>>> print(open('input_29.cif').read())   # mmCIF, C-alpha atoms and all ligand atoms
data_upload
#
loop_
_atom_site.label_atom_id
_atom_site.label_comp_id
_atom_site.auth_asym_id
_atom_site.auth_seq_id
_atom_site.Cartn_x
_atom_site.Cartn_y
_atom_site.Cartn_z
CA MET V 1 -8.12 -24.16 7.77
CA ASP V 2 -6.96 -22.90 4.37
CA VAL V 3 -6.62 -19.18 3.75
CA LEU V 4 -6.08 -16.99 0.70
CA VAL V 5 -3.88 -13.89 0.50
CA VAL V 6 -4.45 -11.62 -2.49
CA GLY V 7 -1.37 -9.86 -3.87
CA GLY V 8 2.21 -10.56 -4.84
CA GLY V 9 4.45 -8.08 -3.02
CA GLY V 10 6.57 -8.05 0.09
CA ARG V 11 3.63 -7.11 2.29
CA GLU V 12 1.67 -10.13 1.07
CA HIS V 13 4.68 -12.41 1.57
CA ALA V 14 4.98 -11.18 5.17
CA ILE V 15 1.25 -11.62 5.90
CA ALA V 16 1.18 -15.08 4.29
CA TRP V 17 4.36 -16.20 6.09
CA ARG V 18 2.98 -15.14 9.47
CA LEU V 19 -0.41 -16.76 8.77
CA ALA V 20 1.36 -20.03 7.95
CA GLN V 21 2.79 -20.10 11.52
CA SER V 22 -0.72 -20.42 12.96
CA PRO V 23 -1.55 -23.88 14.34
CA ARG V 24 -5.05 -23.35 12.92
CA VAL V 25 -3.83 -22.86 9.34
CA SER V 26 -3.00 -25.76 6.99
CA ARG V 27 -2.37 -24.00 3.70
CA VAL V 28 -1.91 -20.37 2.72
CA TYR V 29 -2.64 -19.73 -0.94
CA VAL V 30 -1.18 -16.54 -2.39
CA ALA V 31 -2.63 -15.06 -5.58
CA PRO V 32 -0.47 -14.47 -7.56
CA GLY V 33 2.44 -14.46 -5.08
CA ASN V 34 6.13 -14.37 -6.00
CA ALA V 35 9.19 -16.63 -5.83
CA GLY V 36 9.31 -16.30 -2.04
CA THR V 37 5.71 -17.33 -1.53
CA SER V 38 6.27 -20.31 -3.82
CA SER V 39 9.03 -21.69 -1.60
CA ASP V 40 8.20 -20.96 2.07
CA ASP V 41 6.68 -23.84 4.04
CA GLY V 42 2.91 -23.88 3.94
CA LEU V 43 2.59 -21.26 1.17
CA PHE V 44 1.29 -22.05 -2.32
CA ASN V 45 0.97 -19.69 -5.27
CA VAL V 46 -2.15 -19.71 -7.38
CA GLN V 47 -2.40 -17.89 -10.70
CA LEU V 48 -5.88 -16.39 -10.75
CA SER V 49 -6.99 -13.33 -12.65
CA GLY V 50 -9.78 -11.15 -11.38
CA THR V 51 -12.33 -11.23 -8.60
CA ASP V 52 -14.58 -13.85 -10.20
CA ASP V 53 -11.69 -16.35 -10.38
CA LEU V 54 -10.73 -15.60 -6.78
CA ILE V 55 -14.31 -16.14 -5.61
CA ALA V 56 -14.59 -19.41 -7.55
CA PHE V 57 -11.30 -20.58 -6.01
CA ALA V 58 -12.35 -19.58 -2.48
CA LYS V 59 -15.58 -21.57 -2.86
CA ARG V 60 -13.95 -24.61 -4.48
CA GLU V 61 -11.19 -24.83 -1.85
CA SER V 62 -13.46 -23.95 1.11
CA ILE V 63 -11.21 -21.04 1.99
CA SER V 64 -11.85 -20.01 5.56
CA MET V 65 -10.78 -16.37 5.12
CA THR V 66 -9.27 -14.14 2.45
CA VAL V 67 -6.90 -11.28 3.25
CA VAL V 68 -6.32 -8.58 0.64
CA GLY V 69 -2.91 -6.89 0.51
CA PRO V 70 -2.95 -4.13 -2.13
CA GLU V 71 -5.28 -1.15 -2.43
CA ALA V 72 -6.36 -1.59 -6.07
CA PRO V 73 -8.66 -4.63 -5.60
CA LEU V 74 -10.05 -3.08 -2.38
CA CYS V 75 -10.90 0.15 -4.18
CA ASP V 76 -12.45 -1.91 -7.00
CA GLY V 77 -14.82 -3.61 -4.53
CA ILE V 78 -13.38 -7.10 -4.00
CA VAL V 79 -14.67 -7.13 -0.41
CA ASP V 80 -18.23 -6.32 -1.49
CA ALA V 81 -18.08 -9.09 -4.13
CA PHE V 82 -16.81 -11.74 -1.67
CA ARG V 83 -19.37 -10.73 0.97
CA ALA V 84 -22.19 -10.93 -1.57
CA GLU V 85 -21.20 -14.61 -2.01
CA GLY V 86 -21.12 -15.22 1.74
CA LEU V 87 -17.31 -15.48 1.81
CA ARG V 88 -15.21 -14.17 4.71
CA ILE V 89 -12.73 -11.52 3.62
CA PHE V 90 -10.70 -8.99 5.59
CA GLY V 91 -10.52 -5.51 4.10
CA PRO V 92 -12.69 -2.43 3.66
CA ALA V 93 -15.74 -2.38 1.39
CA LYS V 94 -15.43 -0.13 -1.65
CA ALA V 95 -17.28 2.75 0.03
CA ALA V 96 -14.90 2.66 3.01
CA ALA V 97 -11.80 2.29 0.80
CA GLN V 98 -12.56 5.80 -0.47
CA LEU V 99 -10.37 6.99 2.40
CA GLU V 100 -7.47 5.99 0.14
CA ASN V 101 -9.18 6.00 -3.26
CA SER V 102 -10.00 9.71 -3.11
CA LYS V 103 -7.73 12.22 -1.38
CA ASP V 104 -10.59 14.74 -1.64
CA PHE V 105 -12.96 12.34 0.15
CA ALA V 106 -10.38 11.80 2.92
CA LYS V 107 -9.75 15.54 3.35
CA ASN V 108 -13.49 16.36 3.47
CA PHE V 109 -14.04 13.54 5.94
CA MET V 110 -11.26 14.86 8.20
CA ALA V 111 -12.64 18.40 8.01
CA ARG V 112 -16.12 17.17 8.99
CA HIS V 113 -14.80 15.11 11.90
CA GLY V 114 -12.25 17.58 13.31
CA ILE V 115 -9.22 15.40 12.48
CA GLN V 116 -6.01 17.41 12.21
CA THR V 117 -4.51 17.60 8.73
CA SER V 118 -2.99 20.31 6.54
CA ALA V 119 -5.07 23.08 4.92
CA TYR V 120 -6.11 22.13 1.37
CA ARG V 121 -8.29 22.75 -1.63
CA THR V 122 -9.38 20.51 -4.47
CA PHE V 123 -9.29 21.48 -8.16
CA ASP V 124 -10.22 20.03 -11.51
CA GLU V 125 -9.51 23.25 -13.39
CA PRO V 126 -5.85 24.31 -13.85
CA MET V 127 -6.19 28.12 -13.72
CA ALA V 128 -7.78 28.07 -10.27
CA ALA V 129 -5.13 25.58 -9.09
CA HIS V 130 -2.32 27.87 -10.32
CA ASP V 131 -3.91 30.86 -8.54
CA TYR V 132 -4.09 28.85 -5.29
CA ILE V 133 -0.40 27.90 -5.56
CA ARG V 134 0.52 31.57 -6.00
CA GLU V 135 -1.63 32.45 -2.99
CA ARG V 136 -0.13 29.78 -0.68
CA GLY V 137 3.49 29.78 -1.93
CA ALA V 138 6.02 26.93 -1.67
CA PRO V 139 6.82 24.41 -0.37
CA ILE V 140 3.42 22.97 -1.21
CA VAL V 141 2.09 19.49 -1.99
CA VAL V 142 0.15 18.50 -5.12
CA LYS V 143 -1.66 15.16 -4.96
CA ALA V 144 -3.58 13.25 -7.60
CA ASP V 145 -7.03 12.59 -6.15
CA GLY V 146 -7.13 8.91 -7.14
CA LEU V 147 -4.85 5.88 -6.91
CA ALA V 148 -1.53 6.42 -8.64
CA ALA V 149 0.61 3.48 -7.47
CA GLY V 150 2.66 5.66 -5.11
CA LYS V 151 3.47 8.19 -7.87
CA GLY V 152 0.65 10.68 -7.28
CA VAL V 153 2.26 12.95 -4.67
CA VAL V 154 4.54 15.83 -5.63
CA VAL V 155 6.19 17.65 -2.73
CA ALA V 156 7.05 20.87 -4.56
CA GLN V 157 9.90 22.88 -3.10
CA SER V 158 9.18 25.77 -5.47
CA GLU V 159 6.04 27.27 -6.99
CA GLU V 160 7.40 26.33 -10.45
CA GLN V 161 7.47 22.64 -9.47
CA ALA V 162 3.92 22.87 -8.15
CA HIS V 163 2.66 24.57 -11.34
CA ALA V 164 4.40 21.86 -13.40
CA ALA V 165 2.74 19.11 -11.32
CA VAL V 166 -0.69 20.69 -11.85
CA ASP V 167 -0.09 20.91 -15.60
CA MET V 168 1.16 17.32 -15.72
CA MET V 169 -1.98 16.06 -13.97
CA LEU V 170 -4.77 18.42 -15.10
CA VAL V 171 -3.57 19.54 -18.56
CA ASP V 172 -1.39 16.72 -19.93
CA ASN V 173 -3.37 13.93 -18.24
CA GLY V 174 -0.07 12.40 -17.03
CA MET V 175 -1.78 10.40 -14.26
CA GLY V 176 -4.85 9.44 -16.25
CA THR V 177 -8.18 9.59 -14.44
CA ALA V 178 -6.40 9.44 -11.04
CA GLY V 179 -5.04 12.93 -11.73
CA ALA V 180 -8.15 14.44 -13.31
CA ARG V 181 -8.69 16.13 -9.95
CA VAL V 182 -5.92 17.34 -7.64
CA VAL V 183 -5.73 18.14 -3.96
CA ILE V 184 -3.27 20.92 -3.15
CA GLU V 185 -2.27 21.05 0.49
CA ASP V 186 0.15 22.89 2.75
CA PHE V 187 3.50 21.25 3.37
CA LEU V 188 3.87 19.93 6.92
CA GLU V 189 7.16 19.96 8.82
CA GLY V 190 8.12 17.16 11.19
CA GLU V 191 8.84 13.45 11.32
CA GLU V 192 6.68 10.88 9.56
CA ALA V 193 5.40 7.70 11.16
CA SER V 194 3.10 4.91 10.05
CA PHE V 195 0.25 4.10 12.41
CA ILE V 196 -1.52 0.94 11.28
CA VAL V 197 -4.50 -0.65 13.01
CA MET V 198 -6.97 -3.47 12.45
CA VAL V 199 -10.64 -2.46 12.50
CA ASP V 200 -13.75 -4.65 12.72
CA GLY V 201 -16.28 -1.90 11.94
CA GLU V 202 -16.40 -0.75 15.57
CA HIS V 203 -13.36 -1.88 17.56
CA VAL V 204 -9.71 -1.15 16.89
CA LEU V 205 -6.59 -3.22 17.48
CA PRO V 206 -3.45 -1.13 17.00
CA LEU V 207 -0.46 -2.84 15.43
CA ALA V 208 3.12 -1.99 16.37
CA SER V 209 4.26 1.42 15.14
CA SER V 210 6.69 1.71 12.24
CA GLN V 211 8.55 4.15 10.07
CA ASP V 212 9.19 4.00 6.35
CA HIS V 213 11.95 5.54 4.16
CA LYS V 214 10.28 6.80 1.00
CA ARG V 215 13.22 8.38 -0.85
CA LEU V 216 15.52 6.27 -3.02
CA LEU V 217 18.84 7.52 -1.64
CA ASP V 218 20.58 7.94 1.72
CA ASP V 219 19.78 11.03 3.80
CA ASP V 220 16.26 11.07 2.30
CA LYS V 221 17.51 12.27 -1.08
CA GLY V 222 16.45 11.30 -4.59
CA PRO V 223 13.03 10.44 -6.00
CA ASN V 224 10.10 9.13 -4.01
CA THR V 225 9.59 5.37 -4.06
CA GLY V 226 7.09 2.93 -2.61
CA GLY V 227 9.49 2.62 0.35
CA MET V 228 13.15 1.61 0.59
CA GLY V 229 13.05 0.19 4.10
CA ALA V 230 11.20 0.31 7.39
CA TYR V 231 11.56 -0.54 11.03
CA SER V 232 9.34 -1.16 14.01
CA PRO V 233 8.79 0.25 16.60
CA ALA V 234 9.11 3.94 15.68
CA PRO V 235 10.51 5.82 18.71
CA VAL V 236 8.81 9.04 17.54
CA LEU V 237 5.46 7.45 18.44
CA THR V 238 5.86 7.64 22.20
CA PRO V 239 3.13 6.07 24.37
CA ALA V 240 1.58 9.54 24.85
CA LEU V 241 1.52 10.21 21.11
CA HIS V 242 0.17 6.73 20.45
CA ALA V 243 -2.73 7.42 22.82
CA ARG V 244 -3.31 10.81 21.23
CA ALA V 245 -3.34 9.37 17.69
CA MET V 246 -5.89 6.77 18.80
CA ARG V 247 -8.06 9.40 20.50
CA GLU V 248 -7.84 12.22 17.95
CA ILE V 249 -7.47 10.30 14.68
CA ILE V 250 -8.23 6.58 14.63
CA ARG V 251 -11.32 6.48 16.86
CA PRO V 252 -12.98 9.48 15.15
CA VAL V 253 -12.35 7.85 11.76
CA VAL V 254 -13.89 4.54 12.80
CA ALA V 255 -16.86 6.24 14.50
CA GLY V 256 -17.34 8.67 11.58
CA MET V 257 -17.29 5.92 8.96
CA ALA V 258 -19.84 3.92 10.94
CA GLU V 259 -22.09 6.98 11.36
CA SER V 260 -21.96 7.58 7.60
CA GLY V 261 -23.26 4.07 6.99
CA THR V 262 -19.92 2.87 5.60
CA PRO V 263 -18.34 1.08 8.57
CA TYR V 264 -14.62 0.54 8.21
CA THR V 265 -13.27 -3.00 8.34
CA GLY V 266 -9.71 -4.03 7.48
CA PHE V 267 -6.26 -2.64 8.01
CA LEU V 268 -6.28 1.14 8.29
CA TYR V 269 -2.99 2.94 7.77
CA ALA V 270 -2.70 6.54 8.94
CA GLY V 271 0.41 8.20 7.55
CA LEU V 272 1.18 10.76 10.26
CA MET V 273 3.39 13.80 10.42
CA ILE V 274 4.50 14.50 13.97
CA SER V 275 5.07 18.24 14.17
CA PRO V 276 8.10 19.65 16.01
CA GLU V 277 5.63 20.52 18.82
CA GLY V 278 4.58 16.87 19.01
CA VAL V 279 1.17 17.17 17.34
CA PRO V 280 0.14 14.22 15.12
CA LYS V 281 -1.48 15.30 11.83
CA VAL V 282 -2.71 13.07 9.03
CA LEU V 283 -0.78 13.09 5.75
CA GLU V 284 -2.85 10.31 4.17
CA PHE V 285 -4.97 7.28 4.85
CA ASN V 286 -4.36 3.94 3.21
CA CYS V 287 -6.93 1.17 3.28
CA ARG V 288 -4.31 -1.59 3.70
CA MET V 289 -1.09 -2.40 5.51
CA GLY V 290 2.05 -0.54 4.50
CA ASP V 291 4.73 -1.99 2.29
CA PRO V 292 7.52 -2.31 3.49
CA GLU V 293 6.14 -1.56 7.00
CA ALA V 294 4.29 -4.91 7.05
CA GLN V 295 7.57 -6.83 6.83
CA PRO V 296 9.11 -5.67 10.15
CA ILE V 297 5.66 -5.58 11.80
CA MET V 298 4.93 -9.19 10.85
CA LEU V 299 8.43 -10.29 11.94
CA ARG V 300 7.69 -8.83 15.42
CA LEU V 301 4.16 -10.21 15.75
CA LYS V 302 4.06 -13.05 18.29
CA SER V 303 0.28 -13.50 18.42
CA ASP V 304 -1.51 -15.89 16.10
CA LEU V 305 -2.38 -13.71 13.08
CA TYR V 306 -5.17 -16.06 12.01
CA SER V 307 -6.79 -15.68 15.40
CA LEU V 308 -6.56 -11.86 15.28
CA LEU V 309 -8.11 -11.83 11.81
CA ASP V 310 -10.81 -14.23 12.95
CA HIS V 311 -11.71 -11.83 15.77
CA ALA V 312 -11.75 -8.97 13.29
CA LEU V 313 -14.14 -10.86 11.01
CA ASN V 314 -16.37 -11.74 13.99
CA GLY V 315 -16.47 -8.12 15.25
CA THR V 316 -14.71 -9.01 18.51
CA LEU V 317 -11.39 -7.18 18.24
CA ASP V 318 -12.14 -5.68 21.67
CA GLN V 319 -11.52 -9.14 23.14
CA VAL V 320 -7.88 -9.52 21.98
CA GLU V 321 -4.51 -7.88 22.28
CA ALA V 322 -1.54 -8.35 20.00
CA GLU V 323 1.73 -9.53 21.52
CA TRP V 324 4.97 -8.19 20.04
CA ASP V 325 8.58 -9.32 20.12
CA ARG V 326 10.24 -6.69 22.31
CA ARG V 327 13.14 -6.50 19.84
CA VAL V 328 13.41 -4.04 16.95
CA ALA V 329 12.74 -5.36 13.45
CA LEU V 330 14.35 -3.57 10.52
CA GLY V 331 13.83 -4.25 6.81
CA VAL V 332 16.14 -3.13 4.00
CA VAL V 333 14.64 -3.07 0.52
CA MET V 334 16.85 -4.26 -2.33
CA ALA V 335 15.49 -2.68 -5.51
CA ALA V 336 16.15 -3.41 -9.16
CA GLY V 337 18.48 -1.28 -11.26
CA GLY V 338 16.54 1.60 -12.81
CA TYR V 339 13.93 1.66 -10.01
CA PRO V 340 11.70 3.66 -9.57
CA SER V 341 11.36 4.98 -13.14
CA ASN V 342 12.34 1.98 -15.26
CA PRO V 343 13.27 -1.15 -13.27
CA ARG V 344 15.28 -3.90 -14.96
CA LYS V 345 13.79 -7.38 -14.96
CA GLY V 346 15.11 -10.90 -15.41
CA ASP V 347 18.38 -10.60 -13.43
CA GLU V 348 19.32 -13.75 -11.51
CA ILE V 349 19.31 -13.41 -7.70
CA THR V 350 21.97 -15.39 -5.82
CA GLY V 351 22.99 -15.67 -2.17
CA LEU V 352 19.47 -15.89 -0.74
CA PRO V 353 19.71 -17.30 2.81
CA ILE V 354 17.71 -20.18 4.20
CA GLY V 355 15.17 -18.77 6.71
CA GLY V 356 16.24 -18.28 10.32
CA GLU V 357 14.74 -17.48 13.72
CA ASP V 358 15.68 -13.82 13.77
CA HIS V 359 15.41 -12.80 10.14
CA HIS V 360 13.44 -13.37 6.98
CA VAL V 361 13.97 -12.26 3.40
CA PHE V 362 10.55 -11.22 2.13
CA HIS V 363 10.23 -11.30 -1.64
CA ALA V 364 8.40 -8.73 -3.77
CA GLY V 365 9.43 -8.41 -7.44
CA THR V 366 10.79 -11.93 -7.87
CA ALA V 367 9.84 -14.85 -10.08
CA ARG V 368 11.04 -18.39 -10.74
CA ASP V 369 12.80 -19.15 -13.99
CA ASP V 370 13.36 -22.94 -13.96
CA ASP V 371 15.55 -23.46 -10.88
CA LYS V 372 16.65 -19.83 -10.68
CA VAL V 373 15.08 -16.88 -8.86
CA VAL V 374 15.05 -13.72 -11.00
CA THR V 375 13.99 -10.11 -10.57
CA SER V 376 10.56 -9.23 -11.93
CA GLY V 377 9.71 -5.82 -10.45
CA GLY V 378 11.01 -2.61 -8.91
CA ARG V 379 11.26 -3.52 -5.24
CA VAL V 380 12.77 -7.00 -5.29
CA LEU V 381 13.40 -8.08 -1.69
CA CYS V 382 13.01 -6.76 1.84
CA VAL V 383 15.75 -8.24 4.03
CA THR V 384 14.28 -8.05 7.53
CA ALA V 385 16.04 -8.83 10.81
CA LEU V 386 15.41 -8.60 14.54
CA GLY V 387 17.89 -7.16 17.04
CA ASP V 388 17.98 -5.97 20.64
CA THR V 389 18.61 -2.44 19.37
CA VAL V 390 18.06 -0.64 16.07
CA ARG V 391 21.78 -0.82 15.42
CA VAL V 392 21.90 -4.58 15.95
CA ALA V 393 18.86 -5.17 13.72
CA GLN V 394 20.36 -2.83 11.13
CA ARG V 395 23.76 -4.59 11.17
CA ARG V 396 22.11 -8.00 10.85
CA ALA V 397 19.87 -6.94 7.95
CA TYR V 398 22.77 -5.36 6.06
CA GLU V 399 25.01 -8.42 6.65
CA ILE V 400 22.39 -10.66 5.03
CA ALA V 401 21.68 -8.18 2.23
CA GLY V 402 25.41 -7.93 1.53
CA ARG V 403 25.51 -11.63 0.63
CA ILE V 404 22.62 -11.37 -1.84
CA HIS V 405 23.46 -10.41 -5.39
CA PHE V 406 21.66 -9.38 -8.55
CA ASP V 407 22.96 -7.11 -11.29
CA GLY V 408 22.03 -3.46 -10.83
CA SER V 409 20.72 -3.87 -7.27
CA GLN V 410 20.18 -0.69 -5.27
CA MET V 411 19.66 -0.23 -1.54
CA ARG V 412 20.01 2.56 0.96
CA SER V 413 22.74 2.20 3.55
CA ASP V 414 21.02 4.19 6.32
CA ILE V 415 17.70 2.48 7.03
CA GLY V 416 16.83 3.19 10.67
CA PHE V 417 18.85 6.41 10.93
CA GLN V 418 16.01 8.37 12.54
CA ALA V 419 15.61 5.80 15.32
CA ILE V 420 19.37 5.75 15.88
CA ASN V 421 19.44 9.56 16.03
CA ALA V 422 16.45 9.57 18.41
CA ARG V 423 18.29 7.17 20.70
CA LYS V 424 21.44 9.33 20.59
CA SER V 425 19.45 12.45 21.47
CA THR V 426 18.08 10.78 24.62
CA LEU V 427 21.54 9.69 25.88
N1 LIG T 501 5.20 2.44 2.62
C1 LIG T 501 4.19 3.31 2.22
C2 LIG T 501 2.93 2.68 1.86
O1 LIG T 501 2.74 1.50 2.00
O2 LIG T 501 2.04 3.38 1.38
#
>>> encode(input="input_29.cif", output="structure tokens", more="lines below")
Ligand code: GLY
Amino acid sequence: MDVLVVGGGGREHAIAWRLAQSPRVSRVYVAPGNAGTSSDDGLFNVQLSGTDDLIAFAKRESISMTVVGPEAPLCDGIVDAFRAEGLRIFGPAKAAAQLENSKDFAKNFMARHGIQTSAYRTFDEPMAAHDYIRERGAPIVVKADGLAAGKGVVVAQSEEQAHAAVDMMLVDNGMGTAGARVVIEDFLEGEEASFIVMVDGEHVLPLASSQDHKRLLDDDKGPNTGGMGAYSPAPVLTPALHARAMREIIRPVVAGMAESGTPYTGFLYAGLMISPEGVPKVLEFNCRMGDPEAQPIMLRLKSDLYSLLDHALNGTLDQVEAEWDRRVALGVVMAAGGYPSNPRKGDEITGLPIGGEDHHVFHAGTARDDDKVVTSGGRVLCVTALGDTVRVAQRRAYEIAGRIHFDGSQMRSDIGFQAINARKSTL
């Protein structure tokens, strides 16, 4: 079978790499892919622009299934377009992708279905938004309603910051149409975790838990990024909390979407805040896998990913379980100089290792320039390694990352610190 993965980041590299291990898969095409997906065995980049080209390619090459990585094409309706042509594609239809495409939709949905999340209100008029900020006080969170490429959330520590965020979005149009409406919500205390599942419209297959590091600098300092590293499993998601998140969040979402006539299919990512009392509350939904969470999750997946996706597309996810490497996987993101505001491009990358059993360097913002690999985006690589403990996986990932060079590279030195601290606190 030949399959198609849409996207060109680290998440798509990880999905494509794992799909290529399936005995049922001959070729994995990645559109547009990156330098990593142009060199791994069984992966082939294809330069296609737009849904029509992707559909024509899928028909011409008799693609058996298409998997969509990023949110933008899902929110634009790529799944609806493929289905209308009778093509098999894994992801949510446009109506279901609203869970990510509109923060207001997601909040209303959670309120209707009794899913725990922070108190909020939605505004498209700045004066009322400013009044609400004064009423609630800081810290407080201002979110652009629409997709903003990871830049639409301002966690304001002061009322001044929150007022400035409202003015940037509603008055100065700084986020374009995505910020023409804002959701203002209470700040939640606790520890974040990423809970990602596969959904076939009715049944749910949970993936391994994970945790992301969104800030640029060590100790969770500096600006927000798309994610500077991740590891799996996340110790904060104990078996009891896992069961609770399934019961109180994931199952009500899947049932509620089906009842509304917009059944959810695809990866569903619940960004959770686990309160100090151990209550899971929803920070956000994403209609896709996480990046960089997908990289450690895919490194740990032992089941045949093609087979799991096939079950998802056939509506039989209740008949399978996913098998995981019992080891910890930890991924360290190497980002370009200037990331996140103004990443450099075109720097040569040297020291990339040949793949191994217990690690993989997943590419994101990389491109080929003759026989060289060069940087081409903000997050460049995610160096991901397995280890018997978080510390071992961490040491291994940093050893490999330490041998890779490109001018201006930035990485955190503490990926996995929460898991290490959690382990210490139980000793
Ligand atoms: N790592 C955060 C996200 O994928 O949204």
>>> closest_residue(input="input_29.cif", among="V:His163, V:Arg288, V:His359, V:Lys345", to="ligand LIG 501 (chain T)", atoms="only C-alpha atoms and all ligand atoms")
V:Arg288
>>> residues_near_ligand(input="input_29.cif", ligand="ligand LIG 501 (chain T)", cutoff="12 Å", atoms="only C-alpha atoms and all ligand atoms", output="count of residues only")
57
>>> atom_distance(input="input_29.cif", atom1="atom CA of V:Asp407", atom2="atom CA of V:Asn34")
19.1 Å
>>> residues_around(input="input_29.cif", residues="V:Val253", least_positions_apart="6", cutoff="10 Å", atoms="all atoms listed in the file", output="PyMOL selection string")
chain V and resi 99+106+109-110+113-115+246-247+259+263-264+268
>>> atom_distance(input="input_29.cif", atom1="atom CA of V:Ser158", atom2="atom CA of V:Asp145")
20.9 Å
>>> closest_residue(input="input_29.cif", among="V:Glu191, V:Asp310, V:Asp304, V:Asp358", to="V:Val67", atoms="all atoms listed in the file")
V:Asp310
>>> closest_residue(input="input_29.cif", among="V:Ala245, V:Arg18, V:Gly91, V:Met257", to="V:Phe105", atoms="only C-alpha atoms")
V:Met257
>>> residues_around(input="input_29.cif", residues="V:Met334", least_positions_apart="6", cutoff="6 Å", atoms="all atoms listed in the file", output="NGL selection string")
:V and (380-381 or 410-411)
>>> residues_around(input="input_29.cif", residues="stretch 322-330 of chain V", least_positions_apart="5", cutoff="7 Å", atoms="all atoms listed in the file", output="ChimeraX atom specification")
/V:230-233,296,299-303,384-390,393-394,397
>>> atom_distance(input="input_29.cif", atom1="atom CA of V:Pro32", atom2="atom CA of V:Gly346")
17.8 Å
>>> closest_residue(input="input_29.cif", among="V:Cys75, V:Gly256, V:Leu205, V:Thr262", to="V:Asn108", atoms="all atoms listed in the file")
V:Gly256
>>> closest_residue(input="input_29.cif", among="V:Ala312, V:Ala240, V:Glu125, V:Trp17", to="V:Arg88", atoms="all atoms listed in the file")
V:Ala312
>>> axis_aligned_box(input="input_29.cif", around="stretch 275-280 of chain V", padding_each_side="8 Å", output="JSON")
{"center_x": 4.1, "center_y": 17.4, "center_z": 16.6, "size_x": 24.0, "size_y": 22.3, "size_z": 20.8}
>>> closest_residue(input="input_29.cif", among="V:Pro252, V:Pro280, V:Pro235, V:Gly351", to="V:Ile420", atoms="all atoms listed in the file")
V:Pro235
>>> residues_around(input="input_29.cif", residues="V:Ile349", least_positions_apart="4", cutoff="9 Å", atoms="all atoms listed in the file", output="list of chain:residue names")
V:Thr366, V:Lys372, V:Val373, V:Val374, V:Thr375, V:Ile404, V:His405, V:Phe406, V:Asp407
>>> build_atoms(input="input_29.cif", residues="stretch 11-15 of chain V", atoms="all heavy atoms", output="PDB file, in the frame of the given file")
ATOM      1  N   ARG V  11       4.645  -7.152   1.230  1.00  0.00           N
ATOM      2  CA  ARG V  11       3.630  -7.110   2.290  1.00  0.00           C
ATOM      3  C   ARG V  11       2.837  -8.421   2.315  1.00  0.00           C
ATOM      4  O   ARG V  11       2.621  -9.019   3.376  1.00  0.00           O
ATOM      5  CB  ARG V  11       2.700  -5.927   2.003  1.00  0.00           C
ATOM      6  CG  ARG V  11       1.394  -5.931   2.748  1.00  0.00           C
ATOM      7  CD  ARG V  11       0.510  -4.778   2.265  1.00  0.00           C
ATOM      8  NE  ARG V  11       0.426  -4.754   0.825  1.00  0.00           N
ATOM      9  CZ  ARG V  11       0.317  -3.651   0.081  1.00  0.00           C
ATOM     10  NH1 ARG V  11       0.223  -2.479   0.641  1.00  0.00           N
ATOM     11  NH2 ARG V  11       0.265  -3.729  -1.233  1.00  0.00           N
ATOM     12  N   GLU V  12       2.462  -8.901   1.129  1.00  0.00           N
ATOM     13  CA  GLU V  12       1.670 -10.130   1.070  1.00  0.00           C
ATOM     14  C   GLU V  12       2.508 -11.332   1.495  1.00  0.00           C
ATOM     15  O   GLU V  12       2.009 -12.258   2.133  1.00  0.00           O
ATOM     16  CB  GLU V  12       1.089 -10.333  -0.329  1.00  0.00           C
ATOM     17  CG  GLU V  12       0.007  -9.334  -0.676  1.00  0.00           C
ATOM     18  CD  GLU V  12       0.544  -7.957  -1.046  1.00  0.00           C
ATOM     19  OE1 GLU V  12       1.594  -7.880  -1.720  1.00  0.00           O
ATOM     20  OE2 GLU V  12      -0.084  -6.944  -0.663  1.00  0.00           O
ATOM     21  N   HIS V  13       3.818 -11.324   1.126  1.00  0.00           N
ATOM     22  CA  HIS V  13       4.680 -12.410   1.570  1.00  0.00           C
ATOM     23  C   HIS V  13       4.733 -12.439   3.100  1.00  0.00           C
ATOM     24  O   HIS V  13       4.619 -13.502   3.735  1.00  0.00           O
ATOM     25  CB  HIS V  13       6.083 -12.249   0.974  1.00  0.00           C
ATOM     26  CG  HIS V  13       6.985 -13.416   1.231  1.00  0.00           C
ATOM     27  ND1 HIS V  13       8.309 -13.431   0.860  1.00  0.00           N
ATOM     28  CD2 HIS V  13       6.767 -14.626   1.836  1.00  0.00           C
ATOM     29  CE1 HIS V  13       8.848 -14.592   1.222  1.00  0.00           C
ATOM     30  NE2 HIS V  13       7.939 -15.319   1.821  1.00  0.00           N
ATOM     31  N   ALA V  14       4.869 -11.247   3.701  1.00  0.00           N
ATOM     32  CA  ALA V  14       4.980 -11.180   5.170  1.00  0.00           C
ATOM     33  C   ALA V  14       3.679 -11.647   5.838  1.00  0.00           C
ATOM     34  O   ALA V  14       3.706 -12.401   6.819  1.00  0.00           O
ATOM     35  CB  ALA V  14       5.332  -9.758   5.596  1.00  0.00           C
ATOM     36  N   ILE V  15       2.545 -11.212   5.310  1.00  0.00           N
ATOM     37  CA  ILE V  15       1.250 -11.620   5.900  1.00  0.00           C
ATOM     38  C   ILE V  15       1.074 -13.136   5.753  1.00  0.00           C
ATOM     39  O   ILE V  15       0.694 -13.834   6.703  1.00  0.00           O
ATOM     40  CB  ILE V  15       0.090 -10.855   5.226  1.00  0.00           C
ATOM     41  CG1 ILE V  15       0.144  -9.360   5.575  1.00  0.00           C
ATOM     42  CG2 ILE V  15      -1.267 -11.446   5.616  1.00  0.00           C
ATOM     43  CD1 ILE V  15      -0.814  -8.477   4.769  1.00  0.00           C
TER      44      ILE V  15
END
